[in-house]
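Engineer: Can you read through this structure? Questions will come right after.
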Amino acid sequence: MSLRSVLVTGGTGFIGRHFCRSALARGMRVTVLTRDVKAAKENLPPETRLCGSLDELRSHDTFQIVVNLAGEPLAARRWNTARKQSFYTSRVGFTDRLVTFFKNHNQVPDHVISGSAVGFYGPSQAPLDETSSPIDGFSHRLCRDWESSARAFEALGSRVCCLRTGIVLGEQGALSRMLPAFKVGLGGPLGSGEQWMSWIHRDDMVASIHHCIDHVELRGPVNATALNPVTNRQFTRALGVALQRPTILPMSAFMARLLFGEMADELLLQGQNVRPAALSASGFKFLYPQLEVALSSLLVE
Ligand SMILES: NC(=O)c1ccc[n+]([C@@H]2O[C@H](COP(=O)([O-])OP(=O)(O)OC[C@H]3O[C@@H](n4cnc5c(N)ncnc54)[C@H](OP(=O)(O)O)[C@@H]3O)[C@@H](O)[C@H]2O)c1
């Protein structure tokens, strides 16, 4: 088989870096489109090809695969109008420009795997799969519009999968933000603690991107979440047990809203109970189906 060439946006990020390493290990040719080539050089293996802008992407480079993960981080700081706009432009606007680039250069990637999130479904306690109807809200609209801009690749002839990603557990992201408080025994449930957390281990996240590339029967939305979502209270208990620390200090919804503003309601106090129906039906085998094993594997790293 000829060397497969993949263009990765967001390749310098938490998920993207792991994906790039695994793609190189599988013998793919990897090009990362980044805003900061110098920083990317320090963080990615030397075999990675780096490109600072779409204009710099040579028109004769052909990519069979696009993995589109770029986006302004959602949980880094409190939300305001400008930040919410930046969540949009860095995902929807950026993906629109990517589609235009391929269209203008008469190129059609065979497979486009693009980011999305379980926030697509809006807050819900009921079990959800890819066919479930969403509830409106900022997160839903952001994911819906991001998916729809990625699906414009379909008009060019590409197969598109949108990964409705859960909370990715690894050395960065949500877990790394929780650990300092939990390690000193100051962790506890958030709000009611009954909100669902659909999580996925970092290695399963990367494997699910490869699975979507390889399984041509998959297209459209694909939930990237583990088989066993948990409530926030169950997550809190499991993390406390893994760290051998008490988790008796709850944070009230009032305090969460005071500290995190609108982000508290969109990302922390409400959640989704998501099932990976499309991954399961296409034979995906999770390395970490259970939270306890996922946490202990990460905490010994
Ligand atoms: N991690 C999770 O738990 C999780 C859950 C659900 C969905 N997701 C989605 O999956 C994608 C990847 O997640 P991640 O955790 O790997 O993200 P990340 O670590 O925050 O990395 C995102 C990448 O996007 C690029 N980026 C950041 N701000 C940007 C901006 N304003 N304009 C254009 N590009 C920008 C950056 O690349 P350069 O600096 O190299 O340009 C960065 O490396 C994100 O879009 C995220 O929303 C993640």
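In the structure tokens, chains take the letters A, B, ... in the order shown, each chain's residues start at 1, and ligands count up from 1 in the order shown.
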Please produce, as a tab-separated table, a per-residue contact table for chain A versus ligand 1 (criterion: any atom at most 8 Å away, only C-alpha atoms and all ligand atoms considered), showing the nearest atom pair and its distance in Å to one decimal, sorted by chain then residue number.

Structural biologist:
```
residue	atom	partner	partner_atom_place_in_ligand_line	distance
A:Thr9	CA	ligand 1	37 (O)	6.8
A:Gly10	CA	ligand 1	23 (C)	3.6
A:Gly11	CA	ligand 1	43 (O)	5.8
A:Thr12	CA	ligand 1	43 (O)	4.0
A:Gly13	CA	ligand 1	43 (O)	3.2
A:Phe14	CA	ligand 1	16 (O)	3.7
A:Ile15	CA	ligand 1	16 (O)	3.7
A:Gly16	CA	ligand 1	16 (O)	5.3
A:Arg17	CA	ligand 1	16 (O)	7.5
A:Val32	CA	ligand 1	40 (O)	7.8
A:Leu33	CA	ligand 1	40 (O)	6.8
A:Thr34	CA	ligand 1	40 (O)	3.7
A:Arg35	CA	ligand 1	41 (O)	3.9
A:Asp36	CA	ligand 1	40 (O)	5.7
A:Val37	CA	ligand 1	40 (O)	7.3
A:Ala39	CA	ligand 1	40 (O)	7.8
A:Ala40	CA	ligand 1	40 (O)	6.3
A:Asn68	CA	ligand 1	11 (C)	7.9
A:Leu69	CA	ligand 1	11 (C)	4.3
A:Ala70	CA	ligand 1	24 (O)	3.4
A:Gly71	CA	ligand 1	45 (O)	4.0
A:Glu72	CA	ligand 1	28 (N)	3.3
A:Pro73	CA	ligand 1	20 (O)	4.4
A:Leu74	CA	ligand 1	47 (O)	6.4
A:Ser86	CA	ligand 1	31 (N)	6.0
A:Phe87	CA	ligand 1	31 (N)	7.0
A:Thr89	CA	ligand 1	32 (N)	7.2
A:Ser90	CA	ligand 1	32 (N)	4.0
A:Arg91	CA	ligand 1	45 (O)	6.9
A:Phe94	CA	ligand 1	33 (C)	6.8
A:Gly115	CA	ligand 1	10 (O)	5.2
A:Ser116	CA	ligand 1	7 (C)	5.6
A:Ala117	CA	ligand 1	7 (C)	4.4
A:Val118	CA	ligand 1	6 (C)	6.7
A:Gly119	CA	ligand 1	6 (C)	7.8
A:Arg164	CA	ligand 1	7 (C)	7.0
A:Thr165	CA	ligand 1	6 (C)	4.4
A:Gly166	CA	ligand 1	5 (C)	5.0
A:Ile167	CA	ligand 1	3 (O)	3.9
A:Val168	CA	ligand 1	3 (O)	3.7
A:Leu169	CA	ligand 1	3 (O)	6.7
A:Gln172	CA	ligand 1	15 (O)	7.4
A:Gly173	CA	ligand 1	1 (N)	5.2
A:Ala174	CA	ligand 1	3 (O)	6.3
A:Trp199	CA	ligand 1	3 (O)	7.9
```

Engineer: Within 8 Å of Glu194 of chain A, counting only C-alpha atoms, which residues show up once you throw out same-chain ones fewer than 5 positions away? Write them as a ChimeraX atom specification, please.

Structural biologist: /A:231-233

Engineer: Produce a table with one row for each residue of segment 67-135 of chain A that has an atom at most 10 Å from any atom of segment 246-262 of chain A, each row naming the nearest atom pair and its distance in Å at one decimal; use only C-alpha atoms; arrange rows by chain and rising residue number; format as a tab-separated table.

Structural biologist:
```
residue	atom	partner	partner_atom	distance
A:Ala75	CA	A:Phe260	CA	9.2
A:Arg77	CA	A:Phe260	CA	7.9
A:Arg78	CA	A:Phe260	CA	5.6
A:Trp79	CA	A:Glu262	CA	6.5
A:Asn80	CA	A:Glu262	CA	8.5
```

Engineer: Restrict the calculation to only C-alpha atoms, then for each residue of segment 85-156 of chain A with any atom at most 8 Å from an atom of segment 202-224 of chain A give the closest atom pair and their distance in Å to one decimal, rows by chain and rising residue number, as a Markdown table.

Structural biologist:
```
| residue | atom | partner | partner_atom | distance |
| --- | --- | --- | --- | --- |
| A:His111 | CA | A:Ile213 | CA | 6.3 |
| A:Val112 | CA | A:Ile213 | CA | 7.8 |
| A:Ile113 | CA | A:Ile209 | CA | 6.9 |
| A:Val118 | CA | A:Asn223 | CA | 7.3 |
| A:Asp129 | CA | A:Asn223 | CA | 7.3 |
| A:Glu130 | CA | A:Pro221 | CA | 6.1 |
| A:Arg151 | CA | A:Gly220 | CA | 7.9 |
```

Engineer: Write out, as a JSON list (two decimals), in the first residue's frame, the residues just selected, with all heavy atoms.

Structural biologist:
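Final output, saved to part-v6.json:
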```json
[["chain", "number", "residue", "atom", "x", "y", "z"],
["A", 111, "HIS", "N", -10.81, 10.80, 3.20],
["A", 111, "HIS", "CA", -11.40, 10.67, 4.54],
["A", 111, "HIS", "C", -11.15, 11.95, 5.34],
["A", 111, "HIS", "O", -10.01, 12.39, 5.44],
["A", 111, "HIS", "CB", -10.76, 9.51, 5.31],
["A", 111, "HIS", "CG", -10.53, 8.30, 4.47],
["A", 111, "HIS", "ND1", -11.55, 7.48, 4.04],
["A", 111, "HIS", "CD2", -9.39, 7.78, 3.93],
["A", 111, "HIS", "CE1", -11.06, 6.50, 3.30],
["A", 111, "HIS", "NE2", -9.75, 6.67, 3.22],
["A", 112, "VAL", "N", -12.20, 12.51, 5.88],
["A", 112, "VAL", "CA", -12.06, 13.68, 6.75],
["A", 112, "VAL", "C", -12.62, 13.30, 8.12],
["A", 112, "VAL", "O", -13.79, 12.92, 8.24],
["A", 112, "VAL", "CB", -12.82, 14.90, 6.20],
["A", 112, "VAL", "CG1", -12.76, 16.08, 7.18],
["A", 112, "VAL", "CG2", -12.27, 15.31, 4.84],
["A", 113, "ILE", "N", -11.76, 13.37, 9.14],
["A", 113, "ILE", "CA", -12.21, 13.08, 10.50],
["A", 113, "ILE", "C", -12.14, 14.41, 11.23],
["A", 113, "ILE", "O", -11.06, 14.98, 11.41],
["A", 113, "ILE", "CB", -11.29, 12.03, 11.19],
["A", 113, "ILE", "CG1", -10.98, 10.84, 10.26],
["A", 113, "ILE", "CG2", -11.91, 11.59, 12.52],
["A", 113, "ILE", "CD1", -12.17, 10.08, 9.72],
["A", 118, "VAL", "N", -19.50, 15.93, 22.74],
["A", 118, "VAL", "CA", -20.80, 15.44, 23.24],
["A", 118, "VAL", "C", -21.71, 16.62, 23.61],
["A", 118, "VAL", "O", -22.91, 16.44, 23.75],
["A", 118, "VAL", "CB", -20.64, 14.48, 24.44],
["A", 118, "VAL", "CG1", -19.99, 13.18, 24.01],
["A", 118, "VAL", "CG2", -19.88, 15.13, 25.58],
["A", 129, "ASP", "N", -27.54, 8.29, 21.83],
["A", 129, "ASP", "CA", -26.61, 7.79, 20.81],
["A", 129, "ASP", "C", -26.64, 8.78, 19.63],
["A", 129, "ASP", "O", -27.25, 9.85, 19.73],
["A", 129, "ASP", "CB", -26.93, 6.35, 20.40],
["A", 129, "ASP", "CG", -28.27, 6.23, 19.69],
["A", 129, "ASP", "OD1", -28.78, 7.25, 19.19],
["A", 129, "ASP", "OD2", -28.80, 5.11, 19.62],
["A", 130, "GLU", "N", -25.99, 8.41, 18.55],
["A", 130, "GLU", "CA", -25.81, 9.35, 17.44],
["A", 130, "GLU", "C", -27.14, 9.79, 16.83],
["A", 130, "GLU", "O", -27.19, 10.79, 16.11],
["A", 130, "GLU", "CB", -24.91, 8.76, 16.35],
["A", 130, "GLU", "CG", -23.44, 8.65, 16.73],
["A", 130, "GLU", "CD", -23.08, 7.37, 17.48],
["A", 130, "GLU", "OE1", -24.02, 6.64, 17.89],
["A", 130, "GLU", "OE2", -21.90, 7.12, 17.69],
["A", 151, "ARG", "N", -18.82, 18.97, 7.14],
["A", 151, "ARG", "CA", -19.55, 18.12, 6.20],
["A", 151, "ARG", "C", -19.64, 18.74, 4.81],
["A", 151, "ARG", "O", -20.05, 18.06, 3.85],
["A", 151, "ARG", "CB", -20.90, 17.71, 6.78],
["A", 151, "ARG", "CG", -20.66, 16.79, 7.98],
["A", 151, "ARG", "CD", -21.87, 16.11, 8.49],
["A", 151, "ARG", "NE", -22.30, 15.05, 7.59],
["A", 151, "ARG", "CZ", -23.20, 14.13, 7.93],
["A", 151, "ARG", "NH1", -23.74, 14.16, 9.13],
["A", 151, "ARG", "NH2", -23.56, 13.20, 7.08]]
```

Engineer: When distances are computed from only C-alpha atoms, which of A:Ile200, A:Ala76, A:Leu7, A:Met28 shows the smallest separation from Pro109 of chain A?

Structural biologist: A:Leu7

Engineer: Taking only segment 53-301 of chain A into account, list the residues labelled helix (DSSP H, G or I) by DSSP (computed from the backbone), as a ChimeraX atom specification.

Structural biologist: /A:54-56,81-104,118-121,138-150,153-156,174-183,202-214,232-243,253-260,262-268,277-281,291-299

Engineer: Can you pull out every residue within 10 Å of Gln272 of chain A, counting only C-alpha atoms, but drop anything in the same chain fewer than 5 positions away, and send it as a PDB file with N, CA, C and O atoms, in the first residue's frame?

Structural biologist:
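Result written to around_37.pdb:
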```
ATOM      1  N   VAL A 118     -19.504  15.930  22.740  1.00  0.00           N
ATOM      2  CA  VAL A 118     -20.798  15.444  23.244  1.00  0.00           C
ATOM      3  C   VAL A 118     -21.706  16.616  23.614  1.00  0.00           C
ATOM      4  O   VAL A 118     -22.911  16.445  23.753  1.00  0.00           O
ATOM      5  N   GLY A 119     -21.115  17.812  23.732  1.00  0.00           N
ATOM      6  CA  GLY A 119     -21.911  19.019  23.936  1.00  0.00           C
ATOM      7  C   GLY A 119     -22.916  19.230  22.812  1.00  0.00           C
ATOM      8  O   GLY A 119     -23.868  19.999  22.973  1.00  0.00           O
ATOM      9  N   PHE A 120     -22.714  18.537  21.692  1.00  0.00           N
ATOM     10  CA  PHE A 120     -23.677  18.611  20.588  1.00  0.00           C
ATOM     11  C   PHE A 120     -25.088  18.323  21.095  1.00  0.00           C
ATOM     12  O   PHE A 120     -26.063  18.913  20.627  1.00  0.00           O
ATOM     13  N   TYR A 121     -25.207  17.363  22.048  1.00  0.00           N
ATOM     14  CA  TYR A 121     -26.541  16.916  22.475  1.00  0.00           C
ATOM     15  C   TYR A 121     -27.205  17.880  23.457  1.00  0.00           C
ATOM     16  O   TYR A 121     -28.392  17.724  23.739  1.00  0.00           O
ATOM     17  N   GLY A 122     -26.422  18.844  23.993  1.00  0.00           N
ATOM     18  CA  GLY A 122     -26.978  19.701  25.035  1.00  0.00           C
ATOM     19  C   GLY A 122     -27.121  18.907  26.322  1.00  0.00           C
ATOM     20  O   GLY A 122     -26.814  17.711  26.354  1.00  0.00           O
ATOM     21  N   PRO A 123     -27.577  19.549  27.407  1.00  0.00           N
ATOM     22  CA  PRO A 123     -27.660  18.836  28.686  1.00  0.00           C
ATOM     23  C   PRO A 123     -28.747  17.773  28.666  1.00  0.00           C
ATOM     24  O   PRO A 123     -29.853  18.035  28.197  1.00  0.00           O
ATOM     25  N   SER A 124     -28.418  16.573  29.152  1.00  0.00           N
ATOM     26  CA  SER A 124     -29.420  15.511  29.162  1.00  0.00           C
ATOM     27  C   SER A 124     -29.029  14.415  30.150  1.00  0.00           C
ATOM     28  O   SER A 124     -27.854  14.059  30.240  1.00  0.00           O
ATOM     29  N   GLN A 125     -29.998  13.889  30.860  1.00  0.00           N
ATOM     30  CA  GLN A 125     -29.740  12.762  31.758  1.00  0.00           C
ATOM     31  C   GLN A 125     -30.080  11.437  31.064  1.00  0.00           C
ATOM     32  O   GLN A 125     -29.683  10.372  31.542  1.00  0.00           O
ATOM     33  N   ALA A 126     -30.809  11.504  29.946  1.00  0.00           N
ATOM     34  CA  ALA A 126     -31.230  10.269  29.268  1.00  0.00           C
ATOM     35  C   ALA A 126     -30.079   9.698  28.442  1.00  0.00           C
ATOM     36  O   ALA A 126     -29.233  10.452  27.969  1.00  0.00           O
ATOM     37  N   PRO A 127     -30.039   8.371  28.266  1.00  0.00           N
ATOM     38  CA  PRO A 127     -28.993   7.787  27.402  1.00  0.00           C
ATOM     39  C   PRO A 127     -29.126   8.296  25.964  1.00  0.00           C
ATOM     40  O   PRO A 127     -30.238   8.401  25.448  1.00  0.00           O
ATOM     41  N   LEU A 128     -27.980   8.622  25.361  1.00  0.00           N
ATOM     42  CA  LEU A 128     -27.990   9.223  24.019  1.00  0.00           C
ATOM     43  C   LEU A 128     -27.110   8.417  23.078  1.00  0.00           C
ATOM     44  O   LEU A 128     -26.047   7.927  23.484  1.00  0.00           O
ATOM     45  N   GLY A 166     -16.130  12.904  24.041  1.00  0.00           N
ATOM     46  CA  GLY A 166     -16.407  13.102  25.460  1.00  0.00           C
ATOM     47  C   GLY A 166     -15.214  13.733  26.159  1.00  0.00           C
ATOM     48  O   GLY A 166     -14.313  14.284  25.504  1.00  0.00           O
ATOM     49  N   GLN A 195     -25.023  14.838  37.418  1.00  0.00           N
ATOM     50  CA  GLN A 195     -24.822  15.069  35.977  1.00  0.00           C
ATOM     51  C   GLN A 195     -23.851  14.023  35.415  1.00  0.00           C
ATOM     52  O   GLN A 195     -22.899  13.629  36.073  1.00  0.00           O
ATOM     53  N   TRP A 196     -24.120  13.599  34.186  1.00  0.00           N
ATOM     54  CA  TRP A 196     -23.313  12.541  33.574  1.00  0.00           C
ATOM     55  C   TRP A 196     -22.002  13.075  33.032  1.00  0.00           C
ATOM     56  O   TRP A 196     -21.923  14.213  32.575  1.00  0.00           O
ATOM     57  N   MET A 197     -21.001  12.225  33.080  1.00  0.00           N
ATOM     58  CA  MET A 197     -19.706  12.543  32.472  1.00  0.00           C
ATOM     59  C   MET A 197     -19.381  11.414  31.500  1.00  0.00           C
ATOM     60  O   MET A 197     -19.159  10.271  31.909  1.00  0.00           O
ATOM     61  N   SER A 198     -19.411  11.743  30.216  1.00  0.00           N
ATOM     62  CA  SER A 198     -19.053  10.757  29.194  1.00  0.00           C
ATOM     63  C   SER A 198     -17.579  10.969  28.895  1.00  0.00           C
ATOM     64  O   SER A 198     -17.195  11.971  28.299  1.00  0.00           O
ATOM     65  N   TRP A 199     -16.778  10.033  29.333  1.00  0.00           N
ATOM     66  CA  TRP A 199     -15.321  10.182  29.284  1.00  0.00           C
ATOM     67  C   TRP A 199     -14.752   9.215  28.242  1.00  0.00           C
ATOM     68  O   TRP A 199     -15.432   8.284  27.792  1.00  0.00           O
ATOM     69  N   PRO A 229     -20.279   5.528  30.690  1.00  0.00           N
ATOM     70  CA  PRO A 229     -20.287   6.875  31.277  1.00  0.00           C
ATOM     71  C   PRO A 229     -20.659   6.780  32.755  1.00  0.00           C
ATOM     72  O   PRO A 229     -21.277   5.796  33.173  1.00  0.00           O
ATOM     73  N   VAL A 230     -20.258   7.790  33.516  1.00  0.00           N
ATOM     74  CA  VAL A 230     -20.524   7.775  34.964  1.00  0.00           C
ATOM     75  C   VAL A 230     -21.110   9.126  35.362  1.00  0.00           C
ATOM     76  O   VAL A 230     -20.974  10.108  34.633  1.00  0.00           O
ATOM     77  N   THR A 231     -21.720   9.170  36.537  1.00  0.00           N
ATOM     78  CA  THR A 231     -22.153  10.474  37.040  1.00  0.00           C
ATOM     79  C   THR A 231     -20.938  11.187  37.625  1.00  0.00           C
ATOM     80  O   THR A 231     -19.908  10.568  37.921  1.00  0.00           O
ATOM     81  N   LEU A 267     -20.449  23.281  30.895  1.00  0.00           N
ATOM     82  CA  LEU A 267     -19.461  22.196  30.892  1.00  0.00           C
ATOM     83  C   LEU A 267     -19.387  21.403  32.198  1.00  0.00           C
ATOM     84  O   LEU A 267     -18.911  20.271  32.190  1.00  0.00           O
TER      85      LEU A 267
END
```

Engineer: As a PyMOL selection string, which residues of segment 225-280 of chain A does DSSP assign to strand (DSSP E)?

Structural biologist: chain A and resi 230-231+273-274

Engineer: For a test of reading the model, state the distance in Å between atom CA of Gln244 of chain A and atom CA of Leu269 of chain A, rounded to one decimal.

Structural biologist: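 Computing it gives 24.7 Å between the two atoms.
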
Engineer: Nearest to Ile135 of chain A among A:Asp61, A:Glu266, A:Ser149, A:Val99, with distances taken over only C-alpha atoms: which residue is it?

Structural biologist: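 Smallest distance to Ile135 of chain A is found for A:Glu266.
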
Engineer: Given only C-alpha atoms as the basis, pick out the residue of A:Gln107, A:Arg97, A:Gly170, A:His201 nearest to Leu287 of chain A.

Structural biologist: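 When distances to Leu287 of chain A are compared using only C-alpha atoms, the smallest one comes from A:His201.
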
Engineer: Which residue gives the smallest distance to Leu295 of chain A among A:Arg275, A:Met263, A:Ser176, A:Val8, with only C-alpha atoms counted?

Structural biologist: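 Of A:Arg275, A:Met263, A:Ser176, A:Val8, the one nearest Leu295 of chain A, counting only C-alpha atoms, is A:Ser176.
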
Engineer: So how many Å separate atom CA of Leu163 of chain A and atom CA of Ser114 of chain A, to one decimal?

Structural biologist: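 Taking atom CA of Leu163 of chain A and atom CA of Ser114 of chain A, their separation equals 6.2 Å.
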